[in-house]
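What's in query-v5.cif: mmCIF, C-alpha atoms
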data_protein
#
loop_
_atom_site.label_atom_id
_atom_site.label_comp_id
_atom_site.auth_asym_id
_atom_site.auth_seq_id
_atom_site.Cartn_x
_atom_site.Cartn_y
_atom_site.Cartn_z
CA MET A 116 -8.42 -20.84 21.09
CA LEU A 117 -5.56 -23.11 20.18
CA GLN A 118 -2.95 -23.64 22.86
CA TRP A 119 0.16 -24.71 20.96
CA PRO A 120 2.33 -26.70 21.11
CA GLU A 121 0.53 -29.03 23.53
CA SER A 122 -2.78 -29.26 21.66
CA PRO A 123 -4.47 -30.35 19.54
CA ARG A 124 -3.06 -33.83 19.11
CA LEU A 125 -2.19 -34.64 15.51
CA ALA A 126 -2.95 -37.55 13.21
CA ASP A 127 0.25 -37.85 11.15
CA HIS A 128 -1.20 -39.32 7.97
CA HIS A 129 2.11 -39.73 6.16
CA CYS A 130 5.41 -40.51 7.86
CA HIS A 131 8.28 -43.00 7.86
CA GLY A 132 10.49 -44.89 10.28
CA VAL A 133 13.46 -43.43 12.14
CA LEU A 134 16.97 -44.73 12.65
CA ASP A 135 17.67 -46.57 15.88
CA ARG A 136 21.43 -46.05 15.85
CA GLU A 137 23.96 -43.38 16.72
CA LEU A 138 24.85 -40.72 14.13
CA ASP A 139 27.98 -38.67 13.63
CA ARG A 140 27.70 -35.09 12.40
CA ALA A 141 27.95 -36.05 8.72
CA GLY A 142 25.27 -38.70 9.10
CA PHE A 143 22.98 -36.34 10.98
CA GLU A 144 23.40 -33.51 8.48
CA ALA A 145 22.70 -35.86 5.57
CA LEU A 146 19.22 -36.42 7.01
CA LEU A 147 18.52 -32.66 7.20
CA THR A 148 18.47 -32.26 3.43
CA GLU A 149 16.93 -33.87 0.36
CA ALA A 150 20.33 -33.73 -1.36
CA GLU A 151 22.17 -36.98 -2.03
CA THR A 152 25.37 -35.68 -0.47
CA GLY A 153 26.14 -33.18 2.27
CA GLY A 154 27.29 -30.43 -0.06
CA PRO A 155 30.63 -28.70 -0.60
CA PRO A 156 33.08 -28.00 2.23
CA GLY A 157 32.01 -25.14 4.45
CA VAL A 158 28.31 -25.45 3.60
CA SER A 159 26.20 -26.99 6.37
CA PRO A 160 22.47 -27.84 6.44
CA PHE A 161 22.48 -26.25 9.89
CA ASP A 162 22.76 -22.92 8.02
CA SER A 163 19.31 -23.25 6.46
CA GLN A 164 15.69 -22.79 7.48
CA ILE A 165 15.43 -26.37 8.71
CA GLY A 166 18.76 -26.10 10.53
CA PHE A 167 17.78 -22.98 12.45
CA ALA A 168 14.31 -24.34 13.16
CA LEU A 169 15.83 -27.50 14.59
CA ARG A 170 18.19 -25.49 16.80
CA ARG A 171 15.25 -23.37 18.02
CA TRP A 172 12.75 -26.12 18.86
CA CYS A 173 14.63 -29.37 19.45
CA PRO A 174 17.35 -28.65 22.06
CA PRO A 175 14.87 -28.14 24.95
CA VAL A 176 13.57 -31.68 24.40
CA LEU A 177 17.12 -32.86 25.15
CA ASP A 178 17.48 -30.54 28.20
CA LEU A 179 19.47 -27.88 26.35
CA ASP A 180 18.75 -24.21 25.82
CA ALA A 181 17.11 -23.19 22.57
CA HIS A 182 19.60 -22.29 19.83
CA ALA A 183 22.28 -24.61 21.20
CA ALA A 184 25.30 -24.80 18.93
CA PRO A 185 25.28 -27.79 16.53
CA ASP A 186 28.28 -29.46 18.18
CA ASP A 187 26.72 -29.10 21.65
CA TYR A 188 23.43 -30.45 20.38
CA LEU A 189 25.02 -33.46 18.73
CA ALA A 190 27.14 -34.17 21.81
CA ARG A 191 24.04 -34.20 24.00
CA ARG A 192 22.26 -36.42 21.48
CA ALA A 193 25.13 -38.90 21.60
CA GLU A 194 25.18 -38.78 25.40
CA LEU A 195 21.51 -39.73 25.64
CA GLY A 196 21.71 -42.42 22.95
CA ALA A 197 19.47 -43.08 19.97
CA ALA A 198 16.78 -44.98 21.89
CA GLU A 199 16.21 -42.17 24.41
CA VAL A 200 16.38 -39.46 21.73
CA ASN A 201 13.76 -41.29 19.65
CA ARG A 202 11.53 -41.78 22.68
CA ARG A 203 11.66 -38.12 23.66
CA PHE A 204 10.93 -36.69 20.24
CA LEU A 205 8.17 -39.15 19.28
CA ALA A 206 6.47 -38.46 22.62
CA ALA A 207 6.96 -34.70 22.29
CA ALA A 208 5.24 -34.65 18.88
CA GLY A 209 1.87 -35.14 20.58
CA LEU A 210 0.43 -37.59 18.07
CA GLU A 211 -3.00 -39.14 18.11
CA SER A 212 -2.09 -41.67 15.39
CA LEU A 213 0.51 -42.40 12.69
CA CYS A 214 0.06 -43.70 9.13
CA VAL A 215 3.48 -45.05 8.20
CA ASP A 216 4.77 -45.56 4.65
CA THR A 217 6.74 -48.80 4.90
CA GLY A 218 7.97 -48.84 1.28
CA TYR A 219 11.25 -46.95 1.73
CA THR A 220 13.79 -48.79 3.87
CA PRO A 221 17.33 -48.10 2.64
CA GLU A 222 18.49 -49.48 5.98
CA ALA A 223 16.90 -50.84 9.14
CA ILE A 224 14.48 -48.32 10.63
CA LEU A 225 11.80 -48.49 13.28
CA ASP A 226 8.63 -50.16 12.00
CA PRO A 227 5.07 -48.93 12.67
CA PRO A 228 4.65 -50.84 15.97
CA GLY A 229 7.97 -49.49 17.21
CA LEU A 230 7.04 -45.94 16.27
CA GLY A 231 3.64 -46.32 17.86
CA ARG A 232 5.12 -47.49 21.16
CA LEU A 233 7.43 -44.47 21.31
CA ALA A 234 4.69 -42.03 20.30
CA GLY A 235 2.13 -43.57 22.64
CA ALA A 236 -0.33 -43.72 19.75
CA PRO A 237 -1.69 -46.36 17.36
CA ALA A 238 0.39 -46.78 14.20
CA TYR A 239 -1.09 -47.91 10.88
CA GLU A 240 0.54 -48.86 7.60
CA ILE A 241 0.45 -47.26 4.17
CA VAL A 242 1.42 -49.86 1.59
CA ARG A 243 3.62 -48.62 -1.25
CA LEU A 244 2.11 -49.90 -4.49
CA GLU A 245 5.30 -50.08 -6.51
CA THR A 246 6.94 -52.19 -3.81
CA VAL A 247 4.10 -54.72 -4.03
CA ALA A 248 4.51 -54.93 -7.81
CA GLU A 249 8.28 -55.24 -7.64
CA ARG A 250 8.08 -58.05 -5.12
CA VAL A 251 5.60 -59.90 -7.33
CA ALA A 252 7.97 -59.51 -10.27
CA ALA A 253 10.98 -60.60 -8.22
CA ASP A 254 9.10 -63.72 -7.13
CA GLY A 255 8.98 -64.90 -10.73
CA VAL A 256 5.23 -64.80 -11.24
CA ALA A 257 4.30 -65.23 -14.90
CA ALA A 258 3.39 -61.99 -16.68
CA ALA A 259 -0.10 -63.31 -17.42
CA ARG A 260 -0.67 -63.84 -13.68
CA PHE A 261 0.94 -60.59 -12.55
CA ALA A 262 -2.27 -58.56 -12.28
CA ASP A 263 -4.15 -61.19 -10.32
CA GLU A 264 -1.22 -61.68 -7.94
CA VAL A 265 -0.96 -57.96 -7.22
CA ARG A 266 -4.68 -57.80 -6.52
CA SER A 267 -4.46 -60.88 -4.32
CA ARG A 268 -1.64 -59.45 -2.21
CA LEU A 269 -3.49 -56.19 -1.70
CA ALA A 270 -6.65 -58.09 -0.76
CA ALA A 271 -4.65 -60.13 1.77
CA ARG A 272 -3.24 -57.05 3.49
CA GLY A 273 -3.35 -56.96 7.29
CA PRO A 274 -5.90 -54.94 9.25
CA SER A 275 -3.29 -52.30 10.05
CA VAL A 276 -3.11 -51.21 6.38
CA VAL A 277 -5.32 -48.13 5.94
CA GLY A 278 -4.08 -46.70 2.65
CA ALA A 279 -1.81 -47.05 -0.37
CA LYS A 280 0.81 -44.79 -1.91
CA SER A 281 1.96 -44.20 -5.48
CA ILE A 282 5.43 -42.87 -6.27
CA ALA A 283 4.69 -42.41 -9.97
CA ALA A 284 6.08 -38.87 -9.64
CA TYR A 285 9.53 -40.37 -9.07
CA ARG A 286 9.38 -42.82 -11.96
CA ALA A 287 7.05 -41.91 -14.84
CA GLY A 288 5.66 -38.54 -13.77
CA LEU A 289 2.15 -37.64 -12.70
CA GLU A 290 0.63 -37.33 -16.17
CA MET A 291 -1.43 -40.51 -16.13
CA ALA A 292 -4.56 -41.29 -18.12
CA GLY A 293 -7.86 -41.73 -16.34
CA GLU A 294 -9.04 -44.99 -17.81
CA ARG A 295 -8.07 -48.39 -16.50
CA PRO A 296 -5.35 -50.05 -18.59
CA SER A 297 -6.43 -53.19 -20.41
CA ALA A 298 -5.39 -56.64 -19.20
CA ALA A 299 -3.27 -57.08 -22.33
CA ARG A 300 -1.36 -53.83 -21.75
CA VAL A 301 -0.78 -54.68 -18.08
CA ALA A 302 0.56 -58.14 -18.99
CA GLU A 303 2.82 -56.62 -21.64
CA ALA A 304 4.20 -54.04 -19.19
CA ALA A 305 4.60 -56.73 -16.52
CA GLY A 306 6.67 -58.77 -18.93
CA ARG A 307 9.04 -55.87 -19.42
CA LEU A 308 9.26 -55.40 -15.67
CA MET A 309 10.12 -59.04 -15.07
CA ARG A 310 12.94 -58.99 -17.60
CA GLN A 311 14.79 -56.45 -15.47
CA ASP A 312 17.56 -57.80 -13.25
CA ALA A 313 16.25 -55.69 -10.37
CA PRO A 314 12.56 -55.01 -11.09
CA ARG A 315 11.70 -51.32 -10.79
CA VAL A 316 8.32 -49.96 -11.86
CA HIS A 317 8.67 -46.95 -14.16
CA ASP A 318 5.92 -47.63 -16.71
CA GLU A 319 2.88 -45.32 -16.74
CA VAL A 320 0.63 -48.32 -17.47
CA LEU A 321 1.78 -50.15 -14.35
CA HIS A 322 1.60 -47.07 -12.11
CA ARG A 323 -1.95 -46.48 -13.28
CA PHE A 324 -2.86 -50.15 -12.91
CA LEU A 325 -1.59 -50.11 -9.33
CA VAL A 326 -3.65 -47.04 -8.46
CA TRP A 327 -6.77 -48.77 -9.75
CA CYS A 328 -5.90 -51.89 -7.75
CA ALA A 329 -5.81 -49.79 -4.58
CA SER A 330 -9.07 -48.11 -5.55
CA ASP A 331 -10.74 -51.47 -6.09
CA ALA A 332 -9.44 -52.60 -2.71
CA GLY A 333 -11.21 -49.64 -1.08
CA LEU A 334 -8.01 -47.86 -0.03
CA PRO A 335 -7.36 -44.10 -0.10
CA VAL A 336 -4.47 -43.48 -2.50
CA GLN A 337 -1.62 -41.17 -1.59
CA PHE A 338 0.39 -39.52 -4.39
CA HIS A 339 3.85 -38.05 -3.95
CA VAL A 340 3.60 -34.52 -5.39
CA GLY A 341 6.23 -31.83 -5.77
CA LEU A 342 9.49 -31.73 -3.86
CA GLY A 343 11.53 -34.75 -2.92
CA ASP A 344 15.09 -35.92 -3.37
CA VAL A 345 17.00 -35.56 -6.60
CA ASP A 346 15.41 -38.71 -8.07
CA ALA A 347 12.10 -36.84 -8.32
CA ASP A 348 11.76 -34.87 -11.58
CA LEU A 349 9.97 -31.77 -10.30
CA ARG A 350 8.94 -30.86 -13.83
CA ARG A 351 6.68 -33.92 -13.87
CA GLY A 352 5.51 -33.57 -10.26
CA ASP A 353 2.81 -30.92 -10.79
CA PRO A 354 -0.53 -32.17 -9.39
CA LEU A 355 -2.42 -30.61 -12.31
CA LEU A 356 -0.96 -33.42 -14.44
CA LEU A 357 -3.10 -35.85 -12.40
CA LEU A 358 -6.38 -34.19 -13.38
CA ASP A 359 -7.72 -36.96 -15.66
CA LEU A 360 -6.92 -39.69 -13.16
CA LEU A 361 -8.26 -37.69 -10.23
CA ARG A 362 -11.56 -37.19 -12.05
CA ALA A 363 -11.82 -40.91 -12.72
CA LEU A 364 -11.02 -41.73 -9.10
CA ALA A 365 -13.69 -39.26 -8.02
CA ASP A 366 -16.24 -41.19 -10.08
CA ALA A 367 -15.07 -44.35 -8.28
CA GLY A 368 -15.38 -42.69 -4.87
CA THR A 369 -11.68 -43.10 -4.08
CA PRO A 370 -9.99 -40.46 -1.89
CA ALA A 371 -6.81 -39.08 -3.46
CA MET A 372 -4.32 -37.74 -0.95
CA LEU A 373 -1.84 -35.24 -2.46
CA LEU A 374 1.32 -35.27 -0.35
CA HIS A 375 3.88 -32.49 0.16
CA ASN A 376 2.82 -30.37 -2.86
CA TYR A 377 5.45 -27.61 -2.49
CA PRO A 378 6.02 -25.59 -4.68
CA PHE A 379 2.67 -26.57 -6.24
CA HIS A 380 0.68 -26.22 -3.01
CA ARG A 381 -1.66 -23.53 -4.37
CA ARG A 382 -2.47 -25.76 -7.34
CA ALA A 383 -3.10 -28.65 -4.98
CA GLY A 384 -5.43 -26.42 -2.94
CA TYR A 385 -7.34 -25.64 -6.13
CA LEU A 386 -7.74 -29.34 -6.88
CA ALA A 387 -8.98 -29.95 -3.34
CA GLN A 388 -11.63 -27.28 -3.88
CA VAL A 389 -12.91 -28.40 -7.28
CA LEU A 390 -12.73 -32.20 -6.94
CA PRO A 391 -14.71 -33.97 -4.22
CA ASN A 392 -12.15 -36.70 -3.57
CA VAL A 393 -8.91 -34.66 -3.32
CA TYR A 394 -7.18 -33.98 0.01
CA VAL A 395 -3.91 -32.15 0.62
CA ASP A 396 -1.10 -31.63 3.12
CA ALA A 397 2.17 -29.74 3.39
CA GLY A 398 4.30 -32.54 4.82
CA LEU A 399 8.07 -32.47 4.29
CA ALA A 400 7.89 -28.82 3.22
CA THR A 401 6.72 -27.71 6.67
CA HIS A 402 9.94 -28.56 8.47
CA ASN A 403 12.12 -27.72 5.48
CA LEU A 404 10.71 -24.19 5.35
CA GLY A 405 11.22 -23.70 9.08
CA HIS A 406 10.43 -20.09 10.02
CA ARG A 407 8.54 -19.67 6.71
CA ALA A 408 6.18 -22.61 7.32
CA PRO A 409 3.24 -20.37 8.33
CA ALA A 410 3.37 -18.68 4.89
CA LEU A 411 3.20 -22.10 3.21
CA LEU A 412 0.18 -23.16 5.27
CA ALA A 413 -1.60 -19.86 4.63
CA GLU A 414 -1.16 -20.26 0.89
CA LEU A 415 -2.35 -23.88 0.97
CA LEU A 416 -5.47 -22.78 2.85
CA GLU A 417 -6.34 -19.99 0.43
CA LEU A 418 -8.51 -22.35 -1.65
CA ALA A 419 -8.35 -25.78 -0.01
CA PRO A 420 -11.46 -26.41 2.11
CA PHE A 421 -10.54 -26.83 5.76
CA GLY A 422 -12.27 -30.21 5.73
CA LYS A 423 -9.81 -31.46 3.12
CA VAL A 424 -6.46 -30.48 4.66
CA LEU A 425 -4.53 -33.03 6.74
CA TYR A 426 -1.38 -32.99 8.85
CA SER A 427 1.70 -34.97 7.90
CA SER A 428 5.31 -34.70 8.94
CA ASP A 429 6.84 -36.97 6.28
CA ALA A 430 9.48 -37.52 8.96
CA PHE A 431 12.19 -39.99 7.99
CA GLY A 432 15.40 -41.03 9.70
CA LEU A 433 15.56 -38.38 12.43
CA ALA A 434 13.03 -38.47 15.26
CA GLU A 435 13.54 -34.71 15.52
CA LEU A 436 11.53 -34.30 12.32
CA TYR A 437 8.41 -35.69 14.02
CA HIS A 438 8.67 -33.03 16.73
CA LEU A 439 9.78 -30.24 14.41
CA GLY A 440 7.02 -30.87 11.89
CA ALA A 441 4.41 -30.93 14.65
CA VAL A 442 5.61 -27.72 16.33
CA LEU A 443 5.85 -25.75 13.10
CA PHE A 444 2.47 -27.00 11.89
CA ARG A 445 0.73 -26.16 15.16
CA ARG A 446 2.32 -22.69 15.26
CA GLY A 447 1.38 -21.99 11.66
CA LEU A 448 -2.18 -23.21 12.02
CA ALA A 449 -2.67 -21.37 15.32
CA GLY A 450 -1.41 -18.14 13.78
CA ILE A 451 -3.80 -18.42 10.83
CA MET A 452 -6.76 -19.21 13.05
CA GLU A 453 -5.97 -16.45 15.57
CA GLU A 454 -5.47 -13.85 12.83
CA GLY A 455 -8.88 -14.75 11.42
CA VAL A 456 -10.50 -14.30 14.84
CA ARG A 457 -8.87 -10.89 15.28
CA ASP A 458 -10.05 -9.82 11.82
CA GLY A 459 -13.56 -11.16 12.34
CA ALA A 460 -13.20 -13.73 9.57
CA TRP A 461 -14.48 -16.44 11.92
CA THR A 462 -15.29 -16.91 15.57
CA ALA A 463 -13.07 -18.46 18.21
CA ALA A 464 -15.41 -21.46 18.29
CA ASP A 465 -15.07 -21.85 14.51
CA ALA A 466 -11.29 -21.66 14.83
CA ASP A 467 -11.20 -24.43 17.44
CA ARG A 468 -13.49 -26.63 15.35
CA VAL A 469 -11.49 -26.14 12.15
CA ALA A 470 -8.19 -26.73 13.95
CA ALA A 471 -9.52 -30.04 15.28
CA LEU A 472 -10.56 -31.09 11.75
CA VAL A 473 -7.17 -30.30 10.22
CA ALA A 474 -5.20 -31.75 13.14
CA SER A 475 -6.88 -35.15 13.18
CA GLY A 476 -10.58 -35.19 12.36
CA ASN A 477 -10.12 -35.19 8.59
CA ALA A 478 -7.63 -38.07 8.76
CA ARG A 479 -9.93 -40.11 10.97
CA ARG A 480 -12.78 -39.62 8.51
CA VAL A 481 -10.87 -40.43 5.30
CA TYR A 482 -8.84 -43.38 6.59
CA GLY A 483 -11.54 -44.75 8.88
CA LEU A 484 -9.36 -44.41 11.98
CA PRO A 485 -10.96 -44.81 15.39
CA ALA A 486 -11.36 -41.81 17.64
CA PRO A 487 -8.94 -41.74 20.58
CA GLY A 488 -10.22 -43.55 23.66
#
Transcribe the structure of this file into structure tokens.
Amino acid sequence: MLQWPESPRLADHHCHGVLDRELDRAGFEALLTEAETGGPPGVSPFDSQIGFALRRWCPPVLDLDAHAAPDDYLARRAELGAAEVNRRFLAAAGLESLCVDTGYTPEAILDPPGLGRLAGAPAYEIVRLETVAERVAADGVAAARFADEVRSRLAARGPSVVGAKSIAAYRAGLEMAGERPSAARVAEAAGRLMRQDAPRVHDEVLHRFLVWCASDAGLPVQFHVGLGDVDADLRRGDPLLLLDLLRALADAGTPAMLLHNYPFHRRAGYLAQVLPNVYVDAGLATHNLGHRAPALLAELLELAPFGKVLYSSDAFGLAELYHLGAVLFRRGLAGIMEEGVRDGAWTAADADRVAALVASGNARRVYGLPAPG
């Protein structure tokens, strides 16, 4: 049976860079929440599920007792320095590989090679589609040439790029049509984009065009679904809104990776069951739910086939989130598998095989990642 937290090693199929600088308490707390600001006086993110989970699982990595007080934890973090803290937590996560979204860089963060060195695992890149389009627009390409230039840049991607990501949920919502937009409509939308002082894709036509570009390039397409920061309109982040596009992508043979999904994770599990190309994870929500993460995973796995569930941390900024996501995921998955063995739902051998699929095997298959040497 599973022996957490040391095994199995995880393929983190959606994650971000971490900060390589020192943080004061305010800066640290800001990265423990999806809120834009730290909240009113007297309210701390440490007094939340993620805060208590961090205090339970992260202090021992820094040579402190579990449940260390926030001030003691932050003092020890500062004593060790950002470089050592990042090294310890990336190594402690026990990763087999990382697929890093490089599209969100509000400030300098560690890039995929830097993360890979700290984790002791190969790091790959997930290209953010809207960033490609916005760079094309900023470069002054004529609207009539926009589509060809986007396709050309995706075709010229490096060998480390293994997937693409759409953030339509943040901009236009997930209700996108299934058919490919016409060249005339793409050029018209591109013209509007290029007239912006700071090009920002928020047109359903362009989001859909970009998804089809990734599909044509043979890339699995990740979709942000459900929770995120305040810029994400949760009312338009329901994965059921993607149904027409998901069906069309299924006909094209393109894997669609639904990220995060909370609080729509049961709906995402349904889509993973009924559509052959849909895969799901519980990234970001896992560490935010802390002690309740096992309940989230159990609900996701009610309908989602075990061969279509992947691990992701969606860690950003704090290296702790790599470790915390991994620990909570392993504990949750181990509990589900062990309960099934006790109840006779499956054998111990089945549990080990399924755990290996969810931990890394499914990601290797969908993204074409090599098996560890």
Query raised in the report: Skipping near chain neighbours, those fewer than 2 positions away, what residues fall within 7 Å of Leu374 (chain A) using all atoms listed in the file, listed as an MDAnalysis selection string?
Result: chainID A and resid 337:340 372 376 395:398
Requested in this report: Let me know the residues the PyMOL selection byres ((chain A and resi 358-362) around 9) catches in the file above, as a list in words.
Outcome: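 That expression, the PyMOL selection byres ((chain A and resi 358-362) around 9), corresponds here to Glu290, Met291, Ala292, Gly293, Glu294, Arg323, Pro354, Leu355, Leu356, Leu357, Ala363, Leu364, Ala365, Asp366, Ala367, Thr369, Pro370, Ala371, Leu386, Leu390, Asn392 and Val393 of chain A.
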Just-selected residues, C-alpha atoms written as a PDB file, in the frame of the given file:
ATOM      1  CA  GLU A 290       0.630 -37.330 -16.170  1.00  0.00           C
ATOM      2  CA  MET A 291      -1.430 -40.510 -16.130  1.00  0.00           C
ATOM      3  CA  ALA A 292      -4.560 -41.290 -18.120  1.00  0.00           C
ATOM      4  CA  GLY A 293      -7.860 -41.730 -16.340  1.00  0.00           C
ATOM      5  CA  GLU A 294      -9.040 -44.990 -17.810  1.00  0.00           C
ATOM      6  CA  ARG A 323      -1.950 -46.480 -13.280  1.00  0.00           C
ATOM      7  CA  PRO A 354      -0.530 -32.170  -9.390  1.00  0.00           C
ATOM      8  CA  LEU A 355      -2.420 -30.610 -12.310  1.00  0.00           C
ATOM      9  CA  LEU A 356      -0.960 -33.420 -14.440  1.00  0.00           C
ATOM     10  CA  LEU A 357      -3.100 -35.850 -12.400  1.00  0.00           C
ATOM     11  CA  ALA A 363     -11.820 -40.910 -12.720  1.00  0.00           C
ATOM     12  CA  LEU A 364     -11.020 -41.730  -9.100  1.00  0.00           C
ATOM     13  CA  ALA A 365     -13.690 -39.260  -8.020  1.00  0.00           C
ATOM     14  CA  ASP A 366     -16.240 -41.190 -10.080  1.00  0.00           C
ATOM     15  CA  ALA A 367     -15.070 -44.350  -8.280  1.00  0.00           C
ATOM     16  CA  THR A 369     -11.680 -43.100  -4.080  1.00  0.00           C
ATOM     17  CA  PRO A 370      -9.990 -40.460  -1.890  1.00  0.00           C
ATOM     18  CA  ALA A 371      -6.810 -39.080  -3.460  1.00  0.00           C
ATOM     19  CA  LEU A 386      -7.740 -29.340  -6.880  1.00  0.00           C
ATOM     20  CA  LEU A 390     -12.730 -32.200  -6.940  1.00  0.00           C
ATOM     21  CA  ASN A 392     -12.150 -36.700  -3.570  1.00  0.00           C
ATOM     22  CA  VAL A 393      -8.910 -34.660  -3.320  1.00  0.00           C
TER      23      VAL A 393
END
Query raised in the report: Near Val276 (chain A), counting only C-alpha atoms, which residues have an atom at most 10 Å away, once you skip same-chain residues fewer than 2 positions from it, shown as a count of residues only?
Result: 16
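Distance annotation: of A:Gly450, A:Gly196, A:Gly132, A:Gly343, the residue with the minimal separation from Ala413 (chain A) is A:Gly450; atom set is all atoms listed in the file.
One finds CA of Ala486 (chain A) at 24.7 Å from CA of Leu436 (chain A).
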Report task. Would you mind listing what lies within 8 Å of region 184-192 of chain A as a PyMOL selection string, with all atoms listed in the file counted and same-chain residues fewer than 5 positions away left out? Result -> chain A and resi 139-140+161+170+174+177+179+197+200
What would the file look like if the residues just selected were written as a short mmCIF file (atom, residue, chain, number, x, y, z; two decimals), in the frame of the given file with C-alpha atoms?
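And here's out01.cif as it stands now:
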data_model
loop_
_atom_site.label_atom_id
_atom_site.label_comp_id
_atom_site.auth_asym_id
_atom_site.auth_seq_id
_atom_site.Cartn_x
_atom_site.Cartn_y
_atom_site.Cartn_z
CA ASP A 139 27.98 -38.67 13.63
CA ARG A 140 27.70 -35.09 12.40
CA PHE A 161 22.48 -26.25 9.89
CA ARG A 170 18.19 -25.49 16.80
CA PRO A 174 17.35 -28.65 22.06
CA LEU A 177 17.12 -32.86 25.15
CA LEU A 179 19.47 -27.88 26.35
CA ALA A 197 19.47 -43.08 19.97
CA VAL A 200 16.38 -39.46 21.73
#
Report task. One decimal, Å: what's the distance from CA of Asp429 (chain A) over to CA of Gly455 (chain A), could you say? Result ->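 Here the two named atoms are 27.7 Å from each other.
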Requested in this report: With the file shown as input, list the residues that the PyMOL selection byres ((chain A and resi 162) around 12) selects, as a VMD selection string.
Outcome: chain A and resid 144 147 to 148 154 157 to 161 163 to 170 184 to 185 403 405
Report task. Figure out the distance between CA of Arg124 (chain A) and CA of Tyr437 (chain A), please, to one decimal in Å. Result ->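 Straight-line distance from CA of Tyr437 (chain A) to CA of Arg124 (chain A) works out to 12.7 Å.
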Query raised in the report: Which protein, DNA or RNA residues are at most 12 Å from (3.3, -59.7, -19.8) in the file's coordinates when you count all atoms listed in the file, listed as a PyMOL selection string?
Result: chain A and resi 252+255-262+297-310+320-321
Query - Residue among A:Ala181, A:Leu399, A:Ala466, A:Leu125 lying closest to Leu205 (chain A), counting only C-alpha atoms - result: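 When distances to Leu205 (chain A) are compared using only C-alpha atoms, the smallest one comes from A:Leu125.
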Requested in this report: Kindly indicate which residue among A:Leu418, A:Ala287, A:Leu195, A:Leu433 lies nearest to Asp178 (chain A), using only C-alpha atoms for the distances.
Outcome: A:Leu195
Report summary line: For Gly488 (chain A), the closest of A:Ala236, A:Leu134, A:Leu213, A:Val442 counting all atoms listed in the file is A:Ala236
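For the choices A:Ile224, A:Ala387, A:Ala271, A:Ala313, the atom-to-atom distance to Ala253 (chain A) is smallest for A:Ala313 when using all atoms listed in the file.
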Query raised in the report: Which one of A:Ala141, A:Val133, A:Ala183, A:Ala430 sits closest to Gly229 (chain A) if you count only C-alpha atoms?
Result: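 Of all the options, A:Val133 lies closest to Gly229 (chain A).
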Work out where the centre of an axis-aligned box around every listed atom of region 156-163 of chain A lies and how long its edges are once 6 Å is added on each side; give both in Å to one decimal as JSON.
{"center_x": 26.2, "center_y": -25.5, "center_z": 6.1, "size_x": 25.8, "size_y": 17.1, "size_z": 19.7}
